[in-house]
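Trainee: Have a peek at protein-v5.pdb (PDB, C-alpha atoms).
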ATOM      1  CA  MET A  10     -12.274 149.750 227.713  1.00  0.00           C
ATOM      2  CA  ALA A  11     -10.824 152.187 230.266  1.00  0.00           C
ATOM      3  CA  PHE A  12      -7.401 151.361 231.694  1.00  0.00           C
ATOM      4  CA  ASP A  13      -7.476 150.012 235.243  1.00  0.00           C
ATOM      5  CA  PRO A  14      -4.707 151.828 237.212  1.00  0.00           C
ATOM      6  CA  TRP A  15      -4.407 148.791 239.508  1.00  0.00           C
ATOM      7  CA  GLU A  16      -3.594 146.432 236.641  1.00  0.00           C
ATOM      8  CA  PRO A  17       0.232 146.986 236.621  1.00  0.00           C
ATOM      9  CA  TYR A  18       0.371 145.796 240.242  1.00  0.00           C
ATOM     10  CA  ARG A  19      -1.235 142.435 239.500  1.00  0.00           C
ATOM     11  CA  ASP A  20       0.734 139.149 239.846  1.00  0.00           C
ATOM     12  CA  LEU A  21       4.092 140.671 240.725  1.00  0.00           C
ATOM     13  CA  ARG A  22       6.041 137.662 241.978  1.00  0.00           C
ATOM     14  CA  PHE A  23       8.042 137.246 238.764  1.00  0.00           C
ATOM     15  CA  ALA A  24       7.167 140.571 237.174  1.00  0.00           C
ATOM     16  CA  GLY A  25       9.263 142.299 234.569  1.00  0.00           C
ATOM     17  CA  THR A  26       8.337 145.645 233.082  1.00  0.00           C
ATOM     18  CA  ARG A  27       4.698 146.583 232.584  1.00  0.00           C
ATOM     19  CA  GLU A  28       3.299 148.198 229.444  1.00  0.00           C
ATOM     20  CA  HIS A  29       1.276 151.313 230.197  1.00  0.00           C
ATOM     21  CA  PRO A  30      -1.088 152.642 227.480  1.00  0.00           C
ATOM     22  CA  VAL A  31       0.165 156.217 227.962  1.00  0.00           C
ATOM     23  CA  HIS A  32       3.652 155.956 229.440  1.00  0.00           C
ATOM     24  CA  GLY A  33       4.921 152.832 227.665  1.00  0.00           C
ATOM     25  CA  PRO A  34       7.292 150.460 229.519  1.00  0.00           C
ATOM     26  CA  CYS A  35       7.110 150.959 233.285  1.00  0.00           C
ATOM     27  CA  PHE A  36       8.701 149.279 236.290  1.00  0.00           C
ATOM     28  CA  ILE A  37       7.583 148.429 239.824  1.00  0.00           C
ATOM     29  CA  ALA A  38       9.314 149.506 243.044  1.00  0.00           C
ATOM     30  CA  GLU A  39       8.203 148.151 246.397  1.00  0.00           C
ATOM     31  CA  GLY A  40       8.779 148.920 250.064  1.00  0.00           C
ATOM     32  CA  ARG A  41       8.782 152.218 251.944  1.00  0.00           C
ATOM     33  CA  ILE A  42      12.498 153.068 251.645  1.00  0.00           C
ATOM     34  CA  LEU A  43      12.698 152.238 247.944  1.00  0.00           C
ATOM     35  CA  VAL A  44       9.424 153.975 247.060  1.00  0.00           C
ATOM     36  CA  GLU A  45      10.316 157.103 249.009  1.00  0.00           C
ATOM     37  CA  ASP A  46      13.647 157.226 247.166  1.00  0.00           C
ATOM     38  CA  LEU A  47      11.784 156.817 243.885  1.00  0.00           C
ATOM     39  CA  LEU A  48       9.396 159.636 244.802  1.00  0.00           C
ATOM     40  CA  ALA A  49      12.345 161.899 245.629  1.00  0.00           C
ATOM     41  CA  ALA A  50      13.794 161.166 242.184  1.00  0.00           C
ATOM     42  CA  GLY A  51      10.381 161.948 240.704  1.00  0.00           C
ATOM     43  CA  ARG A  52      10.119 165.274 242.524  1.00  0.00           C
ATOM     44  CA  ALA A  53      13.627 166.152 241.290  1.00  0.00           C
ATOM     45  CA  GLY A  54      12.579 165.422 237.709  1.00  0.00           C
ATOM     46  CA  ARG A  55      14.921 162.463 237.224  1.00  0.00           C
ATOM     47  CA  LEU A  56      12.097 159.929 236.853  1.00  0.00           C
ATOM     48  CA  GLN A  57       8.414 159.992 236.011  1.00  0.00           C
ATOM     49  CA  VAL A  58       6.354 158.257 238.708  1.00  0.00           C
ATOM     50  CA  VAL A  59       2.976 157.180 237.351  1.00  0.00           C
ATOM     51  CA  SER A  60       1.249 155.929 240.503  1.00  0.00           C
ATOM     52  CA  VAL A  61       1.743 154.772 244.062  1.00  0.00           C
ATOM     53  CA  ALA A  62      -0.225 151.898 245.621  1.00  0.00           C
ATOM     54  CA  ALA A  63      -0.422 152.327 249.394  1.00  0.00           C
ATOM     55  CA  THR A  64      -2.123 150.656 252.319  1.00  0.00           C
ATOM     56  CA  THR A  65      -4.617 152.791 254.170  1.00  0.00           C
ATOM     57  CA  THR A  66      -2.070 153.191 256.985  1.00  0.00           C
ATOM     58  CA  ALA A  67       0.729 154.419 254.704  1.00  0.00           C
ATOM     59  CA  ALA A  68      -1.362 156.550 252.362  1.00  0.00           C
ATOM     60  CA  GLU A  69      -1.619 159.785 254.337  1.00  0.00           C
ATOM     61  CA  ALA A  70       2.113 160.176 254.967  1.00  0.00           C
ATOM     62  CA  THR A  71       2.817 159.309 251.341  1.00  0.00           C
ATOM     63  CA  ARG A  72       0.445 161.888 249.878  1.00  0.00           C
ATOM     64  CA  ALA A  73       2.773 164.783 250.705  1.00  0.00           C
ATOM     65  CA  LEU A  74       5.698 163.059 248.942  1.00  0.00           C
ATOM     66  CA  LEU A  75       4.006 162.573 245.564  1.00  0.00           C
ATOM     67  CA  PRO A  76       5.523 164.276 242.520  1.00  0.00           C
ATOM     68  CA  GLU A  77       3.053 166.379 240.572  1.00  0.00           C
ATOM     69  CA  GLY A  78       0.737 164.227 238.447  1.00  0.00           C
ATOM     70  CA  THR A  79       1.334 160.989 240.382  1.00  0.00           C
ATOM     71  CA  GLU A  80      -1.825 159.046 241.209  1.00  0.00           C
ATOM     72  CA  LEU A  81      -2.297 157.655 244.724  1.00  0.00           C
ATOM     73  CA  LEU A  82      -4.135 154.312 244.928  1.00  0.00           C
ATOM     74  CA  VAL A  83      -5.253 153.139 248.376  1.00  0.00           C
ATOM     75  CA  ALA A  84      -6.308 149.669 249.532  1.00  0.00           C
ATOM     76  CA  GLU A  85      -6.322 147.479 252.614  1.00  0.00           C
ATOM     77  CA  PRO A  86      -3.224 145.271 253.097  1.00  0.00           C
ATOM     78  CA  GLU A  87      -5.192 142.100 252.329  1.00  0.00           C
ATOM     79  CA  ALA A  88      -6.364 143.520 249.002  1.00  0.00           C
ATOM     80  CA  LEU A  89      -2.794 144.521 248.033  1.00  0.00           C
ATOM     81  CA  SER A  90      -1.535 141.037 248.880  1.00  0.00           C
ATOM     82  CA  GLU A  91      -4.248 139.429 246.781  1.00  0.00           C
ATOM     83  CA  LEU A  92      -3.478 141.758 243.875  1.00  0.00           C
ATOM     84  CA  ALA A  93       0.306 141.236 244.016  1.00  0.00           C
ATOM     85  CA  GLY A  94       0.015 137.471 244.366  1.00  0.00           C
ATOM     86  CA  PHE A  95       2.028 137.160 247.574  1.00  0.00           C
ATOM     87  CA  SER A  96       1.818 138.349 251.169  1.00  0.00           C
ATOM     88  CA  PHE A  97       2.780 142.013 250.922  1.00  0.00           C
ATOM     89  CA  HIS A  98       3.780 143.709 254.174  1.00  0.00           C
ATOM     90  CA  ARG A  99       5.845 146.655 252.939  1.00  0.00           C
ATOM     91  CA  GLY A 100       3.009 149.167 252.757  1.00  0.00           C
ATOM     92  CA  LEU A 101       3.956 150.842 249.479  1.00  0.00           C
ATOM     93  CA  MET A 102       4.461 150.022 245.814  1.00  0.00           C
ATOM     94  CA  ALA A 103       5.010 152.402 242.930  1.00  0.00           C
ATOM     95  CA  LEU A 104       4.896 152.366 239.150  1.00  0.00           C
ATOM     96  CA  ALA A 105       7.366 154.536 237.204  1.00  0.00           C
ATOM     97  CA  LYS A 106       8.255 155.022 233.578  1.00  0.00           C
ATOM     98  CA  VAL A 107      11.432 153.265 232.413  1.00  0.00           C
ATOM     99  CA  PRO A 108      13.848 156.132 231.712  1.00  0.00           C
ATOM    100  CA  PRO A 109      15.712 156.417 228.398  1.00  0.00           C
ATOM    101  CA  PRO A 110      19.180 154.847 228.301  1.00  0.00           C
ATOM    102  CA  PRO A 111      22.156 157.107 228.994  1.00  0.00           C
ATOM    103  CA  PRO A 112      24.061 158.405 225.941  1.00  0.00           C
ATOM    104  CA  VAL A 113      27.056 156.418 224.693  1.00  0.00           C
ATOM    105  CA  SER A 114      29.174 159.566 225.006  1.00  0.00           C
ATOM    106  CA  ALA A 115      28.810 159.302 228.792  1.00  0.00           C
ATOM    107  CA  LEU A 116      30.144 155.745 228.704  1.00  0.00           C
ATOM    108  CA  LEU A 117      33.193 156.762 226.693  1.00  0.00           C
ATOM    109  CA  SER A 118      34.113 159.321 229.349  1.00  0.00           C
ATOM    110  CA  ALA A 119      33.729 156.915 232.318  1.00  0.00           C
ATOM    111  CA  ARG A 120      36.826 156.526 234.516  1.00  0.00           C
ATOM    112  CA  ARG A 121      35.637 153.503 236.522  1.00  0.00           C
ATOM    113  CA  LEU A 122      33.409 151.021 234.701  1.00  0.00           C
ATOM    114  CA  LEU A 123      31.879 147.650 235.613  1.00  0.00           C
ATOM    115  CA  VAL A 124      31.301 145.326 232.650  1.00  0.00           C
ATOM    116  CA  LEU A 125      28.889 142.360 232.812  1.00  0.00           C
ATOM    117  CA  PRO A 126      28.896 140.573 229.418  1.00  0.00           C
ATOM    118  CA  ARG A 127      26.269 138.086 230.635  1.00  0.00           C
ATOM    119  CA  LEU A 128      24.527 137.270 233.888  1.00  0.00           C
ATOM    120  CA  TYR A 129      21.693 134.849 234.589  1.00  0.00           C
ATOM    121  CA  ASP A 130      20.374 135.910 237.984  1.00  0.00           C
ATOM    122  CA  GLY A 131      18.457 139.129 238.680  1.00  0.00           C
ATOM    123  CA  GLU A 132      19.539 139.178 242.315  1.00  0.00           C
ATOM    124  CA  ASN A 133      23.222 139.134 241.334  1.00  0.00           C
ATOM    125  CA  LEU A 134      22.598 141.933 238.854  1.00  0.00           C
ATOM    126  CA  GLY A 135      20.824 144.003 241.492  1.00  0.00           C
ATOM    127  CA  LEU A 136      23.592 143.448 244.052  1.00  0.00           C
ATOM    128  CA  LEU A 137      26.308 144.394 241.560  1.00  0.00           C
ATOM    129  CA  LEU A 138      24.451 147.566 240.584  1.00  0.00           C
ATOM    130  CA  ARG A 139      24.051 148.455 244.260  1.00  0.00           C
ATOM    131  CA  SER A 140      27.775 147.953 244.925  1.00  0.00           C
ATOM    132  CA  ALA A 141      28.783 149.885 241.812  1.00  0.00           C
ATOM    133  CA  ALA A 142      26.633 152.853 242.835  1.00  0.00           C
ATOM    134  CA  ALA A 143      27.709 152.723 246.480  1.00  0.00           C
ATOM    135  CA  LEU A 144      31.402 152.597 245.591  1.00  0.00           C
ATOM    136  CA  GLY A 145      31.181 155.522 243.197  1.00  0.00           C
ATOM    137  CA  LEU A 146      31.707 153.854 239.821  1.00  0.00           C
ATOM    138  CA  ASP A 147      30.797 155.910 236.772  1.00  0.00           C
ATOM    139  CA  GLY A 148      28.583 153.288 235.175  1.00  0.00           C
ATOM    140  CA  VAL A 149      27.819 149.681 234.260  1.00  0.00           C
ATOM    141  CA  LEU A 150      28.020 148.172 230.778  1.00  0.00           C
ATOM    142  CA  ALA A 151      25.794 145.076 230.628  1.00  0.00           C
ATOM    143  CA  GLY A 152      25.103 142.467 227.984  1.00  0.00           C
ATOM    144  CA  PRO A 153      22.213 139.966 227.807  1.00  0.00           C
ATOM    145  CA  GLY A 154      20.756 138.846 231.098  1.00  0.00           C
ATOM    146  CA  PRO A 155      17.925 139.383 233.562  1.00  0.00           C
ATOM    147  CA  GLY A 156      15.677 142.388 233.110  1.00  0.00           C
ATOM    148  CA  LEU A 157      17.314 145.594 234.230  1.00  0.00           C
ATOM    149  CA  TRP A 158      13.937 146.955 235.345  1.00  0.00           C
ATOM    150  CA  SER A 159      12.396 143.728 236.622  1.00  0.00           C
ATOM    151  CA  ARG A 160      10.816 143.862 240.071  1.00  0.00           C
ATOM    152  CA  ARG A 161      13.549 141.668 241.525  1.00  0.00           C
ATOM    153  CA  THR A 162      16.481 143.611 240.065  1.00  0.00           C
ATOM    154  CA  VAL A 163      15.008 146.954 241.123  1.00  0.00           C
ATOM    155  CA  ARG A 164      14.302 145.700 244.656  1.00  0.00           C
ATOM    156  CA  VAL A 165      17.735 144.157 245.254  1.00  0.00           C
ATOM    157  CA  SER A 166      19.555 147.136 243.732  1.00  0.00           C
ATOM    158  CA  MET A 167      17.826 149.419 246.291  1.00  0.00           C
ATOM    159  CA  GLY A 168      17.373 152.114 243.656  1.00  0.00           C
ATOM    160  CA  ALA A 169      20.876 151.884 242.199  1.00  0.00           C
ATOM    161  CA  VAL A 170      19.314 151.029 238.843  1.00  0.00           C
ATOM    162  CA  TRP A 171      18.182 154.655 238.517  1.00  0.00           C
ATOM    163  CA  ARG A 172      21.153 156.164 240.401  1.00  0.00           C
ATOM    164  CA  ILE A 173      24.003 154.930 238.202  1.00  0.00           C
ATOM    165  CA  PRO A 174      24.182 154.943 234.377  1.00  0.00           C
ATOM    166  CA  VAL A 175      23.641 151.464 232.919  1.00  0.00           C
ATOM    167  CA  TRP A 176      24.166 150.687 229.237  1.00  0.00           C
ATOM    168  CA  ARG A 177      22.423 147.452 228.183  1.00  0.00           C
ATOM    169  CA  VAL A 178      23.540 146.192 224.750  1.00  0.00           C
ATOM    170  CA  GLU A 179      23.687 142.860 222.944  1.00  0.00           C
ATOM    171  CA  ASP A 180      27.467 143.109 222.364  1.00  0.00           C
ATOM    172  CA  PRO A 181      29.185 144.935 225.223  1.00  0.00           C
ATOM    173  CA  TRP A 182      32.623 143.985 223.913  1.00  0.00           C
ATOM    174  CA  SER A 183      32.248 146.303 220.925  1.00  0.00           C
ATOM    175  CA  LEU A 184      31.405 149.276 223.139  1.00  0.00           C
ATOM    176  CA  LEU A 185      34.149 148.284 225.553  1.00  0.00           C
ATOM    177  CA  ALA A 186      36.668 148.385 222.694  1.00  0.00           C
ATOM    178  CA  ASP A 187      35.489 151.913 221.864  1.00  0.00           C
ATOM    179  CA  TRP A 188      35.857 152.882 225.527  1.00  0.00           C
ATOM    180  CA  ARG A 189      39.445 151.591 225.630  1.00  0.00           C
ATOM    181  CA  LEU A 190      40.381 153.470 222.460  1.00  0.00           C
ATOM    182  CA  ALA A 191      38.887 156.723 223.748  1.00  0.00           C
ATOM    183  CA  GLU A 192      41.893 157.391 225.992  1.00  0.00           C
ATOM    184  CA  ALA A 193      45.442 156.019 226.034  1.00  0.00           C
ATOM    185  CA  GLY A 194      46.333 154.005 229.117  1.00  0.00           C
ATOM    186  CA  SER A 195      42.826 152.650 229.684  1.00  0.00           C
ATOM    187  CA  GLU A 196      42.864 149.134 231.096  1.00  0.00           C
ATOM    188  CA  VAL A 197      40.346 146.306 230.834  1.00  0.00           C
ATOM    189  CA  VAL A 198      40.726 143.866 233.728  1.00  0.00           C
ATOM    190  CA  ALA A 199      39.123 140.437 233.935  1.00  0.00           C
ATOM    191  CA  ALA A 200      38.055 138.866 237.205  1.00  0.00           C
ATOM    192  CA  ALA A 201      39.199 135.280 236.701  1.00  0.00           C
ATOM    193  CA  LEU A 202      40.660 132.440 238.760  1.00  0.00           C
ATOM    194  CA  THR A 203      43.316 131.548 236.205  1.00  0.00           C
ATOM    195  CA  PRO A 204      46.893 130.399 236.935  1.00  0.00           C
ATOM    196  CA  THR A 205      48.295 133.653 235.553  1.00  0.00           C
ATOM    197  CA  ALA A 206      45.861 135.984 237.340  1.00  0.00           C
ATOM    198  CA  GLU A 207      47.409 138.650 239.549  1.00  0.00           C
ATOM    199  CA  ASP A 208      46.626 138.654 243.262  1.00  0.00           C
ATOM    200  CA  ALA A 209      43.959 141.368 243.639  1.00  0.00           C
ATOM    201  CA  ARG A 210      45.685 142.652 246.773  1.00  0.00           C
ATOM    202  CA  ARG A 211      48.643 143.734 244.632  1.00  0.00           C
ATOM    203  CA  TRP A 212      46.575 145.134 241.768  1.00  0.00           C
ATOM    204  CA  GLN A 213      47.339 148.806 241.074  1.00  0.00           C
ATOM    205  CA  PRO A 214      44.625 149.949 238.648  1.00  0.00           C
ATOM    206  CA  PRO A 215      45.377 152.944 236.440  1.00  0.00           C
ATOM    207  CA  SER A 216      43.195 156.048 236.603  1.00  0.00           C
ATOM    208  CA  ARG A 217      40.882 154.628 233.925  1.00  0.00           C
ATOM    209  CA  SER A 218      39.818 151.004 234.458  1.00  0.00           C
ATOM    210  CA  ALA A 219      37.050 148.644 233.416  1.00  0.00           C
ATOM    211  CA  LEU A 220      36.396 145.531 235.508  1.00  0.00           C
ATOM    212  CA  VAL A 221      34.863 142.589 233.625  1.00  0.00           C
ATOM    213  CA  MET A 222      32.891 139.979 235.588  1.00  0.00           C
ATOM    214  CA  GLY A 223      31.860 136.726 233.897  1.00  0.00           C
ATOM    215  CA  PRO A 224      28.607 134.756 234.251  1.00  0.00           C
ATOM    216  CA  GLU A 225      27.807 132.832 237.407  1.00  0.00           C
ATOM    217  CA  ASP A 226      28.426 129.305 236.080  1.00  0.00           C
ATOM    218  CA  THR A 227      31.465 129.375 233.790  1.00  0.00           C
ATOM    219  CA  GLY A 228      33.091 132.763 234.238  1.00  0.00           C
ATOM    220  CA  LEU A 229      34.852 134.368 231.293  1.00  0.00           C
ATOM    221  CA  ASP A 230      35.923 132.084 228.454  1.00  0.00           C
ATOM    222  CA  PRO A 231      39.441 132.121 226.893  1.00  0.00           C
ATOM    223  CA  ASP A 232      38.364 134.373 223.998  1.00  0.00           C
ATOM    224  CA  GLN A 233      36.931 136.922 226.419  1.00  0.00           C
ATOM    225  CA  LEU A 234      40.025 136.787 228.631  1.00  0.00           C
ATOM    226  CA  ALA A 235      42.154 137.502 225.554  1.00  0.00           C
ATOM    227  CA  ARG A 236      40.259 140.782 225.074  1.00  0.00           C
ATOM    228  CA  CYS A 237      41.378 142.002 228.494  1.00  0.00           C
ATOM    229  CA  ASN A 238      44.722 143.546 229.420  1.00  0.00           C
ATOM    230  CA  ARG A 239      45.129 141.366 232.496  1.00  0.00           C
ATOM    231  CA  ALA A 240      43.287 139.149 234.965  1.00  0.00           C
ATOM    232  CA  VAL A 241      43.023 139.552 238.735  1.00  0.00           C
ATOM    233  CA  ALA A 242      41.856 137.059 241.336  1.00  0.00           C
ATOM    234  CA  ILE A 243      40.848 137.164 244.993  1.00  0.00           C
ATOM    235  CA  PRO A 244      42.907 134.559 246.901  1.00  0.00           C
ATOM    236  CA  MET A 245      40.799 131.861 248.544  1.00  0.00           C
ATOM    237  CA  ALA A 246      41.185 130.262 251.981  1.00  0.00           C
ATOM    238  CA  SER A 247      39.517 127.499 254.039  1.00  0.00           C
ATOM    239  CA  GLY A 248      39.293 125.215 251.028  1.00  0.00           C
ATOM    240  CA  MET A 249      36.871 127.487 249.158  1.00  0.00           C
ATOM    241  CA  ASP A 250      37.284 127.607 245.397  1.00  0.00           C
ATOM    242  CA  SER A 251      35.413 130.821 244.544  1.00  0.00           C
ATOM    243  CA  LEU A 252      33.056 133.591 245.639  1.00  0.00           C
ATOM    244  CA  ASN A 253      29.600 134.472 244.398  1.00  0.00           C
ATOM    245  CA  VAL A 254      29.908 136.917 241.491  1.00  0.00           C
ATOM    246  CA  ALA A 255      28.205 139.702 243.437  1.00  0.00           C
ATOM    247  CA  ALA A 256      30.509 139.274 246.451  1.00  0.00           C
ATOM    248  CA  ALA A 257      33.623 139.102 244.284  1.00  0.00           C
ATOM    249  CA  GLY A 258      32.473 142.114 242.293  1.00  0.00           C
ATOM    250  CA  ALA A 259      32.034 144.234 245.417  1.00  0.00           C
ATOM    251  CA  ILE A 260      35.537 143.390 246.660  1.00  0.00           C
ATOM    252  CA  LEU A 261      37.189 144.072 243.305  1.00  0.00           C
ATOM    253  CA  MET A 262      35.253 147.296 242.704  1.00  0.00           C
ATOM    254  CA  PHE A 263      36.395 148.551 246.121  1.00  0.00           C
ATOM    255  CA  ARG A 264      39.968 147.629 245.189  1.00  0.00           C
ATOM    256  CA  MET A 265      39.579 149.407 241.834  1.00  0.00           C
ATOM    257  CA  VAL A 266      38.342 152.612 243.469  1.00  0.00           C
ATOM    258  CA  GLU A 267      40.726 152.627 246.440  1.00  0.00           C
ATOM    259  CA  GLY A 268      43.785 151.300 244.658  1.00  0.00           C
ATOM    260  CA  GLY A 269      43.761 153.652 241.687  1.00  0.00           C
TER     261      GLY A 269
END
Take the structure in this file and express it as structure tokens.
Mentor:
Amino acid sequence: MAFDPWEPYRDLRFAGTREHPVHGPCFIAEGRILVEDLLAAGRAGRLQVVSVAATTTAAEATRALLPEGTELLVAEPEALSELAGFSFHRGLMALAKVPPPPPVSALLSARRLLVLPRLYDGENLGLLLRSAAALGLDGVLAGPGPGLWSRRTVRVSMGAVWRIPVWRVEDPWSLLADWRLAEAGSEVVAAALTPTAEDARRWQPPSRSALVMGPEDTGLDPDQLARCNRAVAIPMASGMDSLNVAAAGAILMFRMVEGG
């Protein structure tokens, strides 16, 4: 049976990666800004874009942006909404091949690193990737958690998932230990609301730092905190006890970049 090029766009509400018979694992990007960014990466040779699904209104302007070999699929908005499984008003979707992971050697040379041993929510992952890319970090080391190339993570990251190196491994602590040993003076810093945590406003990160953010519910456990050189905390006011992990991560990454 011939492959239906529309099939990867079906039932997207909770979509992860899609298996393509020729290109293997692929991911979905949606919305004009995100798709146009993806197409620019495709034209530059950084990604392989398999196809673009466009409404009849958006198709003509999109045609000139297609990387060589990318298929353009055109349908009415109602048909795209029915295919995707939700009301789709963004005009464009695209399917691209999941790129190979970056080499470990690139991680070992990173100066500013975000470490996420475990997360549970794809939106938090996407927001943290977006902040890490926007603030100029060298990469993200991630453990188990939501799909890196799921529709939700890709959408919330606004393309950061293909802009910044991300290493996804089962045991990030082992690679983090290798990173710390690669250069003397490297520091692993935990984000933790512990009694001994340093006020983040006074944190002076060295030139080579890794910031470790714990999962949304429990944060980092005592064993994980013991693997870090120190802990830092954002002081709370107005009776609040904590920040969302993505909000806290953005603040601490800015402090890491500006304070070092």
Trainee: Out of A:Val178, A:Ala246, A:Val266, A:Leu138, which residue has the shortest atom-to-atom distance to A:Pro111 when counting only C-alpha atoms?
Mentor: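 Using only C-alpha atoms, A:Pro111 sits closest to A:Val178.
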Trainee: I'd like the interatomic distance between atom CA of A:Trp171 and atom CA of A:Leu190, to a tenth of an Å.
Mentor: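 Separating atom CA of A:Trp171 from atom CA of A:Leu190 is a distance of 27.4 Å.
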Trainee: Taking (6.7, 158.1, 242.9) in the coordinates of the supplied file, I want to know which residues reach to within 6 Å of it, counting only C-alpha atoms; could you give the answer as a list in words?
Mentor: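 Those residues lying close to the given coordinates are Leu47, Leu48, Gly51, Val58, Leu75 and Ala103 of chain A.
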Trainee: Determine the nearest neighbour of A:Ala84 from the options A:Thr64, A:Thr203, A:Thr71, A:Ser96, counting all atoms listed in the file.
Mentor: A:Thr64
Trainee: Taking the file above as input, evaluate the PyMOL selection byres ((chain A and resi 41) around 8) and report the hits as a PyMOL selection string.
Mentor: chain A and resi 39-40+42-45+99-102
Trainee: Just to confirm, what's the straight-line distance from atom CA of A:Leu252 to atom CA of A:Ala119 in Å (one decimal)?
Mentor: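 That distance, rounded to one decimal, is 26.9 Å.
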Trainee: Output as a PDB file, in the frame of the given file: stretch 77-98 of chain A, completed with N, CA and C atoms.
Mentor:
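The file below, rebuild_12.pdb, is the result:
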ATOM      1  N   GLU A  77       4.245 165.869 241.242  1.00  0.00           N
ATOM      2  CA  GLU A  77       3.053 166.379 240.572  1.00  0.00           C
ATOM      3  C   GLU A  77       2.597 165.400 239.481  1.00  0.00           C
ATOM      4  N   GLY A  78       1.306 165.108 239.462  1.00  0.00           N
ATOM      5  CA  GLY A  78       0.737 164.227 238.447  1.00  0.00           C
ATOM      6  C   GLY A  78       0.736 162.762 238.805  1.00  0.00           C
ATOM      7  N   THR A  79       1.295 162.391 239.964  1.00  0.00           N
ATOM      8  CA  THR A  79       1.334 160.989 240.382  1.00  0.00           C
ATOM      9  C   THR A  79       0.026 160.610 241.073  1.00  0.00           C
ATOM     10  N   GLU A  80      -0.560 159.508 240.651  1.00  0.00           N
ATOM     11  CA  GLU A  80      -1.825 159.046 241.209  1.00  0.00           C
ATOM     12  C   GLU A  80      -1.585 158.208 242.453  1.00  0.00           C
ATOM     13  N   LEU A  81      -2.379 158.446 243.502  1.00  0.00           N
ATOM     14  CA  LEU A  81      -2.297 157.655 244.724  1.00  0.00           C
ATOM     15  C   LEU A  81      -3.462 156.675 244.764  1.00  0.00           C
ATOM     16  N   LEU A  82      -3.146 155.382 244.846  1.00  0.00           N
ATOM     17  CA  LEU A  82      -4.135 154.312 244.928  1.00  0.00           C
ATOM     18  C   LEU A  82      -4.069 153.730 246.338  1.00  0.00           C
ATOM     19  N   VAL A  83      -5.213 153.558 246.972  1.00  0.00           N
ATOM     20  CA  VAL A  83      -5.253 153.139 248.376  1.00  0.00           C
ATOM     21  C   VAL A  83      -6.094 151.875 248.515  1.00  0.00           C
ATOM     22  N   ALA A  84      -5.574 150.916 249.290  1.00  0.00           N
ATOM     23  CA  ALA A  84      -6.308 149.669 249.532  1.00  0.00           C
ATOM     24  C   ALA A  84      -5.893 149.104 250.884  1.00  0.00           C
ATOM     25  N   GLU A  85      -6.677 148.194 251.398  1.00  0.00           N
ATOM     26  CA  GLU A  85      -6.322 147.479 252.614  1.00  0.00           C
ATOM     27  C   GLU A  85      -5.173 146.505 252.320  1.00  0.00           C
ATOM     28  N   PRO A  86      -4.362 146.177 253.328  1.00  0.00           N
ATOM     29  CA  PRO A  86      -3.224 145.271 253.097  1.00  0.00           C
ATOM     30  C   PRO A  86      -3.625 143.941 252.469  1.00  0.00           C
ATOM     31  N   GLU A  87      -4.761 143.392 252.886  1.00  0.00           N
ATOM     32  CA  GLU A  87      -5.192 142.100 252.329  1.00  0.00           C
ATOM     33  C   GLU A  87      -5.473 142.214 250.841  1.00  0.00           C
ATOM     34  N   ALA A  88      -6.059 143.328 250.417  1.00  0.00           N
ATOM     35  CA  ALA A  88      -6.364 143.520 249.002  1.00  0.00           C
ATOM     36  C   ALA A  88      -5.085 143.678 248.181  1.00  0.00           C
ATOM     37  N   LEU A  89      -4.075 144.379 248.740  1.00  0.00           N
ATOM     38  CA  LEU A  89      -2.794 144.521 248.033  1.00  0.00           C
ATOM     39  C   LEU A  89      -2.091 143.181 247.894  1.00  0.00           C
ATOM     40  N   SER A  90      -2.151 142.363 248.940  1.00  0.00           N
ATOM     41  CA  SER A  90      -1.535 141.037 248.880  1.00  0.00           C
ATOM     42  C   SER A  90      -2.208 140.167 247.829  1.00  0.00           C
ATOM     43  N   GLU A  91      -3.512 140.216 247.778  1.00  0.00           N
ATOM     44  CA  GLU A  91      -4.248 139.429 246.781  1.00  0.00           C
ATOM     45  C   GLU A  91      -3.912 139.898 245.374  1.00  0.00           C
ATOM     46  N   LEU A  92      -3.801 141.202 245.187  1.00  0.00           N
ATOM     47  CA  LEU A  92      -3.478 141.758 243.875  1.00  0.00           C
ATOM     48  C   LEU A  92      -2.067 141.359 243.441  1.00  0.00           C
ATOM     49  N   ALA A  93      -1.092 141.502 244.355  1.00  0.00           N
ATOM     50  CA  ALA A  93       0.306 141.236 244.016  1.00  0.00           C
ATOM     51  C   ALA A  93       0.587 139.748 243.837  1.00  0.00           C
ATOM     52  N   GLY A  94      -0.197 138.907 244.497  1.00  0.00           N
ATOM     53  CA  GLY A  94       0.015 137.471 244.366  1.00  0.00           C
ATOM     54  C   GLY A  94       0.918 136.884 245.432  1.00  0.00           C
ATOM     55  N   PHE A  95       1.242 137.656 246.453  1.00  0.00           N
ATOM     56  CA  PHE A  95       2.028 137.160 247.574  1.00  0.00           C
ATOM     57  C   PHE A  95       1.719 138.049 248.778  1.00  0.00           C
ATOM     58  N   SER A  96       2.100 137.590 249.953  1.00  0.00           N
ATOM     59  CA  SER A  96       1.818 138.349 251.169  1.00  0.00           C
ATOM     60  C   SER A  96       2.696 139.604 251.182  1.00  0.00           C
ATOM     61  N   PHE A  97       2.051 140.757 251.059  1.00  0.00           N
ATOM     62  CA  PHE A  97       2.780 142.013 250.922  1.00  0.00           C
ATOM     63  C   PHE A  97       2.651 142.816 252.209  1.00  0.00           C
ATOM     64  N   HIS A  98       3.795 143.032 252.876  1.00  0.00           N
ATOM     65  CA  HIS A  98       3.780 143.709 254.174  1.00  0.00           C
ATOM     66  C   HIS A  98       4.523 145.048 254.146  1.00  0.00           C
TER      67      HIS A  98
END
